[in-house]
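Worksheet: the structure to be examined is printed underneath.
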Amino acid sequence: MRVTNAPASRERRRRRLKLAKGFYGARSKLFRTATEAVDRAMRLSTEHRKLKKRDFRQLWIARINAAARAEGIGYSKFMAGLIKCGVALNRKSLSEIAIQDPAGFKTLVEMAKNA
């Protein structure tokens, strides 16, 4: 009697095709194409998790800059002023304050200007 690896290899293929679910055309149907597509997707997902952090920081800085300029001070002077004052707020919370609480942001700008 011949021993095959059928159950294990079938399971391996099923798992890989399941990961390719939702891909376009042959990329979700054919094993080899699906394997290549999934490998690429996994590699890019790692890269994009890192890029997401950069993108969000960029967004927060843009928001803070816009709000600070509306109060008559540039981003770098604003941040330098906050550091001198000893205000330890990160860029995410500063951008949220700028959006949700303009009056509170205005007081932060005044503190930065005085420093």
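Here's how to read the names in the structure tokens: chain A, B, ... by the order shown, residue numbers from 1 in each chain, ligand numbers from 1 in the order shown.
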
*Please identify all polymer residues within 12 Å of A:Asn90, counting only C-alpha atoms, omitting same-chain residues fewer than 6 positions from it, and present them as a ChimeraX atom specification.*
/A:57,60-61,64,79,82-83,96-97

Show which residues sit within 9 Å of stretch 99-111 of chain A, as a tab-separated table (two decimals) with C-alpha atoms, in the first residue's frame. Count only C-alpha atoms, and ignore same-chain residues fewer than 2 positions away.
```tsv
chain	number	residue	atom	x	y	z
A	63	ARG	CA	-3.62	69.48	12.00
A	64	ILE	CA	-1.57	71.09	14.77
A	67	ALA	CA	-4.64	75.23	14.13
A	68	ALA	CA	-1.48	76.99	15.36
A	71	GLU	CA	-3.67	81.55	16.11
A	72	GLY	CA	-0.68	83.28	14.50
A	73	ILE	CA	2.23	80.96	15.35
A	78	PHE	CA	4.53	76.30	19.00
A	81	GLY	CA	7.25	76.86	23.33
A	82	LEU	CA	5.32	73.92	24.76
A	85	CYS	CA	6.73	75.40	29.36
A	87	VAL	CA	3.78	70.72	28.64
A	94	LEU	CA	-2.63	68.04	20.68
A	95	SER	CA	-4.38	67.47	17.36
A	96	GLU	CA	-7.49	66.18	19.15
A	97	ILE	CA	-7.49	69.29	21.38
A	113	LYS	CA	4.04	82.29	22.88
A	114	ASN	CA	4.93	83.46	26.42
A	115	ALA	CA	7.62	80.83	26.89
```

*Close residues, stretch 23-39 of chain A itself excluded, 12 Å, only C-alpha atoms, min 4 positions apart in chain, as a ChimeraX atom specification*: /A:9-10,12-19,43-46

Let's have the selection written as a PDB file, in the first residue's frame, with N, CA and C atoms.
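Below is the file that was written, part-v9.pdb:
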```
ATOM      1  N   SER A   9      -1.351  17.758   2.785  1.00  0.00           N
ATOM      2  CA  SER A   9      -1.148  18.711   1.693  1.00  0.00           C
ATOM      3  C   SER A   9      -2.464  19.375   1.302  1.00  0.00           C
ATOM      4  N   ARG A  10      -3.555  18.632   1.378  1.00  0.00           N
ATOM      5  CA  ARG A  10      -4.877  19.220   1.091  1.00  0.00           C
ATOM      6  C   ARG A  10      -5.205  20.303   2.112  1.00  0.00           C
ATOM      7  N   ARG A  12      -3.013  22.026   3.828  1.00  0.00           N
ATOM      8  CA  ARG A  12      -2.098  23.132   3.574  1.00  0.00           C
ATOM      9  C   ARG A  12      -2.632  24.026   2.440  1.00  0.00           C
ATOM     10  N   ARG A  13      -3.113  23.374   1.374  1.00  0.00           N
ATOM     11  CA  ARG A  13      -3.681  24.130   0.247  1.00  0.00           C
ATOM     12  C   ARG A  13      -4.946  24.873   0.660  1.00  0.00           C
ATOM     13  N   ARG A  14      -5.785  24.188   1.430  1.00  0.00           N
ATOM     14  CA  ARG A  14      -7.043  24.814   1.877  1.00  0.00           C
ATOM     15  C   ARG A  14      -6.761  26.070   2.699  1.00  0.00           C
ATOM     16  N   ARG A  15      -5.763  25.945   3.613  1.00  0.00           N
ATOM     17  CA  ARG A  15      -5.399  27.099   4.456  1.00  0.00           C
ATOM     18  C   ARG A  15      -4.928  28.279   3.610  1.00  0.00           C
ATOM     19  N   ARG A  16      -4.087  27.996   2.613  1.00  0.00           N
ATOM     20  CA  ARG A  16      -3.516  29.050   1.772  1.00  0.00           C
ATOM     21  C   ARG A  16      -4.605  29.711   0.929  1.00  0.00           C
ATOM     22  N   LEU A  17      -5.522  28.889   0.387  1.00  0.00           N
ATOM     23  CA  LEU A  17      -6.608  29.439  -0.431  1.00  0.00           C
ATOM     24  C   LEU A  17      -7.585  30.242   0.426  1.00  0.00           C
ATOM     25  N   LYS A  18      -7.714  29.849   1.683  1.00  0.00           N
ATOM     26  CA  LYS A  18      -8.581  30.605   2.592  1.00  0.00           C
ATOM     27  C   LYS A  18      -8.008  31.999   2.836  1.00  0.00           C
ATOM     28  N   LEU A  19      -6.668  32.078   2.938  1.00  0.00           N
ATOM     29  CA  LEU A  19      -6.021  33.386   3.115  1.00  0.00           C
ATOM     30  C   LEU A  19      -6.204  34.268   1.880  1.00  0.00           C
ATOM     31  N   ARG A  43       3.797  40.312   3.139  1.00  0.00           N
ATOM     32  CA  ARG A  43       4.994  41.155   3.182  1.00  0.00           C
ATOM     33  C   ARG A  43       4.595  42.638   3.243  1.00  0.00           C
ATOM     34  N   LEU A  44       3.625  43.007   2.408  1.00  0.00           N
ATOM     35  CA  LEU A  44       3.204  44.406   2.366  1.00  0.00           C
ATOM     36  C   LEU A  44       2.449  44.807   3.630  1.00  0.00           C
ATOM     37  N   SER A  45       1.724  43.857   4.230  1.00  0.00           N
ATOM     38  CA  SER A  45       0.978  44.206   5.441  1.00  0.00           C
ATOM     39  C   SER A  45       1.939  44.581   6.565  1.00  0.00           C
ATOM     40  N   THR A  46       3.077  43.894   6.629  1.00  0.00           N
ATOM     41  CA  THR A  46       4.088  44.228   7.629  1.00  0.00           C
ATOM     42  C   THR A  46       4.619  45.631   7.369  1.00  0.00           C
TER      43      THR A  46
END
```

*For atom CA of A:Glu47 and atom CA of A:Leu59, the interatomic separation in Å (one decimal)*: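 Separating atom CA of A:Glu47 from atom CA of A:Leu59 is a distance of 18.6 Å.
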
*Quick one: of A:Ala98, A:Ala6, A:Ala20, A:Ala80, who's nearest to A:Asn65, counting only C-alpha atoms?*
A:Ala98

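Our summary of the geometry notes that atom CA of A:Lys53 is positioned 18.6 Å from atom CA of A:Ala41.
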
*Give the helix (DSSP H, G or I) residues of chain A, as assigned by DSSP on the backbone, as JSON, numbers by chain.*
{"A": [6, 7, 8, 9, 10, 11, 12, 13, 14, 15, 16, 17, 18, 19, 25, 26, 27, 28, 31, 32, 33, 34, 35, 36, 37, 38, 39, 40, 41, 42, 43, 44, 45, 46, 47, 48, 49, 50, 51, 52, 53, 54, 55, 56, 57, 58, 59, 60, 61, 62, 63, 64, 65, 66, 67, 68, 69, 70, 75, 76, 77, 78, 79, 80, 81, 82, 83, 84, 85, 91, 92, 93, 94, 95, 96, 97, 98, 99, 100, 102, 103, 104, 105, 106, 107, 108, 109, 110, 111, 112, 113, 114]}

*So how many Å separate atom CA of A:Lys92 and atom CA of A:Asp55, to one decimal?*
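Result for atom CA of A:Lys92 versus atom CA of A:Asp55: 11.9 Å, one decimal.
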